[in-house]
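**Student:** Here you go, one structure.
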Amino acid sequence: MKATESKLNEFLATPKTRFVIPIYQRNYDWQDHQCSQLYSDICSVAEDENRASHFVGSIVYLQDGVYSASDVKELVVIDGQQRLTTLSLVYITLYQFAEAHGLEEEAAELKETYLINRFVKDRQEKLWQTEENDRIYQRLIRNQSEEGEPFSRIRENFAYFKELIRDEATYRMVKEGMGKLSFVDISLERGKDDPQRIFESLNSTGLALSQADLIRNYILMGHIREEQERLYIEYWKEIEKNARDDESRTNMVSDFARDLLTFKNKRIPRKNLVYDTFKIRFPEREKSEVETLLKEMRRYSEHFGKLTNPAREPDAQIRLELEYIRQLEINVSYPFLLQVYDDYQAEVIDKDGLISVLQFVQRFAWRRFLVNLPTNALNKIFMRLYEEIRQDDYINSLERAIVRKKGTQRIPTDTEVKSSLRERDFYNIRSKNRSYFLDRLENYNNRERVAIDHLTIEHIFPQKPTPAWKKTLTVEDYEAFQDKHLHQLGNLTLSGNNGSLSNRAFKEKKTLNTGGKEQGYEFSRLWLNRDLMKLDAWTVADFKARHNRLIKRTLEIWPYPEVEIVEDLGTRDEMTIFEIDDPTGFKVKYAKIGNETIEPRSVKEFYVTVLSKLFADNPNPMMQPEVSKTILLERNDPNAADNEHIGRGYSVDAANSSWVKFKRLETVLTAYDLEDFVRVRLVEA
């Protein structure tokens, strides 16, 4: 590697030299504020006679001594493509101004010195962009335009500079300022320098590259340009197209890579460590390994694209279930569903099987929401859930796996759901969840699905009741609605006439037909309003009857799995601590603690080993009073024969049954938010 300080204009003026932006580089995306700062710096150094130069950063390129057929030396730009492109746009602006204002010699000098290689017979442009950017950049140099061109930051930023350089005085100033710009010229040699490592080092200093940018560079950088372009067009470009949010038009490759790594590693990488995790998981960058990896990524990215953009799924029934999952934002299920979708594509399961899985994901997540179970447990559940599926008994094995979950990972029982539904405020929950709930209640077993997008939430007993309500209700009922039942499920419905119904008395709401527009409940075609048509008043007794009907319907739509669980710990495979009701009479054949596997001689040794490893890594959660009291954590007492040393001068009580030890581990692992960190294989003692 050789680094020197150079003048920008001298660097660009190097004859028979081509600056190539490789296909793996991120798209050119400098915004107005970055162009404005650069322009300000150019003008500032031009106006200051005492300043000989202005530093604009570094440009890193790979120089391997290989010349093209036209004897043009190619420098592959590893870092600095954004500023190099922007500065070239400034030179194009200066060239076009000179040409338009009769400064023919200056125009020719600008073009032939900084923009093209004049005596090259094939493509003459000195700076070679990627794909669409390259086509637009070429047309700017040729001063050409095309109707209906797609949006491009290259064109937008050129227009920005063209608007600023509108007179000869500004032209002269900018031209002089460009001549004072300097940068650090960092030249790498193929075979001697590691461009990927240097690239990582440069971009660890704050440059805003996404995890996906780093992964793309890592995969493609080690190959010759022709191979890079083939792999990019055949695979990576398709991955980027698939892993894209169609509504916001944002790139989601980093999210996709995180989900892919989650189900590959059975651990969820932190968002800012996806690239580092990817390198560890896929260390080989040889051509055959890379192509195999890219084929797999392209396949899974197609599934990811349908999960995040349900409209891409051609089957209407599958699409509806995907829309529900997206509405509930059960994104944590994607690592699991990527594998299920892959089984569907491979015909391991059929369409009905896929729909059943998608519905079960909703059932599991929604029942947990109804009883306010923590959502953070879902990450770890879905991370390993696919391991527990038997392909010859797909749905039943999935349901059994979930029913076995205990504690914070459990699927709530009907009793829990009923108890929560009787008391819960359903008006002041997130609107997406509220809409999902009422949509499913309305359309259950409905052959003609009702779109509720244009409907709004209607309080039957209104939030601001008119005096007429006091006349039609007892004092007890009136107060009960206001104080307790106002936002509960039984008092809520859907209506397209919420503004008309407003705070009116119940009889008016039921029969309202102003202007023949049939606003009242008795004209509604909604299932949710069907029982209201038969009532003459709205009392607490009516509310409770409707409330109970909706609870019953809820349990029918999101039923508890009807699977038989035969607990045989002697034959089951690995389980988390939370899945084991009672380990009495069993021993630990082996245990996986994070990435390490141990074969303890006793449950006691297993218990102490887990606590020691957690305590050594981070003692704070175990020091919390509710945890330390549970495990009897204390400073080492040499006289306490039953205490076991776990490090840092602390010990725990270990003179208790296997059942107690496992329950205490549940408390500890919950405090660490590591419910899946420990997995054991039990056999009969």
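In the structure tokens, the first chain shown is A, the next is B, and so on; residue numbers restart at 1 for each chain, and ligands run from 1 in the order shown.
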Going by DSSP on the backbone, which bits of stretch 357-399 of chain A are helix (DSSP H, G or I)? Write them as an MDAnalysis selection string, please.
**Tutor:** chainID A and resid 357:370 376:388 391:399
**Student:** In Å, with one decimal, what is the gap from atom CA of A:Pro335 to atom CA of A:Asn272?
**Tutor:** 17.9 Å
**Student:** In terms of the shortest atom-to-atom distance over only C-alpha atoms, which of A:Glu479, A:Asp259, A:Glu291, A:Glu387 is closest to A:Tyr334?
**Tutor:**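 Closest to A:Tyr334 of all the choices is A:Asp259.
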**Student:** Name the closest residue to A:Ile598 among the candidates A:Arg404, A:Arg139, A:Lys111, A:Arg679; distances are taken between atoms, counting only C-alpha atoms.
**Tutor:**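 Among A:Arg404, A:Arg139, A:Lys111, A:Arg679, it is A:Arg679 that comes nearest to A:Ile598.
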**Student:** Could you pull the residues within 9 Å of stretch 536-553 of chain A, counting only C-alpha atoms, minus those fewer than 6 positions along the same chain, as a list in words?
**Tutor:**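 Selected residues are Val417, Lys418, Leu421, Arg422, Leu441, Tyr444, Ile460, Phe461, Thr472, Leu473, Thr474, Glu476, Asp477, Tyr478, Ala480, Phe481, His485, Gln488, Leu489, Gly490, Asn491, Ala505, Phe506, Lys507, Lys510 and Leu528 of chain A.
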**Student:** Quick one: everything within 9 Å of stretch 529-533 of chain A, counting only C-alpha atoms, minus sequence neighbours fewer than 6 positions away in the same chain. Send it as a list of chain:residue names.
**Tutor:**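 The residues that qualify are A:Thr493, A:Leu494, A:Ser495, A:Lys510, A:Thr511, A:Gly520, A:Tyr521, A:Glu522, A:Phe523, A:Arg546.
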**Student:** Create the file for the chosen residues now, containing N, CA, C and O atoms and written as a CSV table (one decimal), in the first residue's frame.
**Tutor:**
```csv
chain,number,residue,atom,x,y,z
A,493,THR,N,-67.9,-1.6,18.2
A,493,THR,CA,-68.3,-2.2,17.0
A,493,THR,C,-67.7,-1.4,15.8
A,493,THR,O,-66.9,-0.5,16.1
A,494,LEU,N,-68.1,-1.8,14.6
A,494,LEU,CA,-67.6,-1.1,13.4
A,494,LEU,C,-68.7,-0.4,12.7
A,494,LEU,O,-69.9,-0.9,12.7
A,495,SER,N,-68.4,0.8,12.1
A,495,SER,CA,-69.5,1.5,11.4
A,495,SER,C,-68.9,2.4,10.4
A,495,SER,O,-67.8,2.9,10.6
A,510,LYS,N,-79.9,2.9,16.5
A,510,LYS,CA,-80.4,1.7,15.8
A,510,LYS,C,-81.2,2.0,14.6
A,510,LYS,O,-81.1,1.3,13.5
A,511,THR,N,-82.0,3.0,14.6
A,511,THR,CA,-83.0,3.2,13.5
A,511,THR,C,-82.7,4.4,12.6
A,511,THR,O,-83.4,4.7,11.7
A,520,GLY,N,-78.3,3.6,10.6
A,520,GLY,CA,-78.5,2.9,11.9
A,520,GLY,C,-78.1,1.5,11.8
A,520,GLY,O,-77.9,0.9,10.8
A,521,TYR,N,-77.9,0.9,13.0
A,521,TYR,CA,-77.5,-0.5,13.2
A,521,TYR,C,-78.4,-1.5,12.4
A,521,TYR,O,-77.9,-2.5,11.9
A,522,GLU,N,-79.7,-1.2,12.4
A,522,GLU,CA,-80.6,-2.2,11.8
A,522,GLU,C,-80.5,-2.3,10.3
A,522,GLU,O,-81.0,-3.2,9.7
A,523,PHE,N,-79.8,-1.3,9.7
A,523,PHE,CA,-79.5,-1.4,8.3
A,523,PHE,C,-78.1,-2.0,7.9
A,523,PHE,O,-77.8,-2.1,6.8
A,546,ARG,N,-73.4,-9.7,24.9
A,546,ARG,CA,-72.6,-9.5,23.6
A,546,ARG,C,-71.1,-9.8,23.9
A,546,ARG,O,-70.4,-10.4,23.1
```
**Student:** Hey, which of A:Arg135, A:Glu109, A:Gln96, A:Ile219 ends up closest to A:Lys162? Count only C-alpha atoms.
**Tutor:**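 Of A:Arg135, A:Glu109, A:Gln96, A:Ile219, the one nearest A:Lys162 is A:Gln96, counting only C-alpha atoms.
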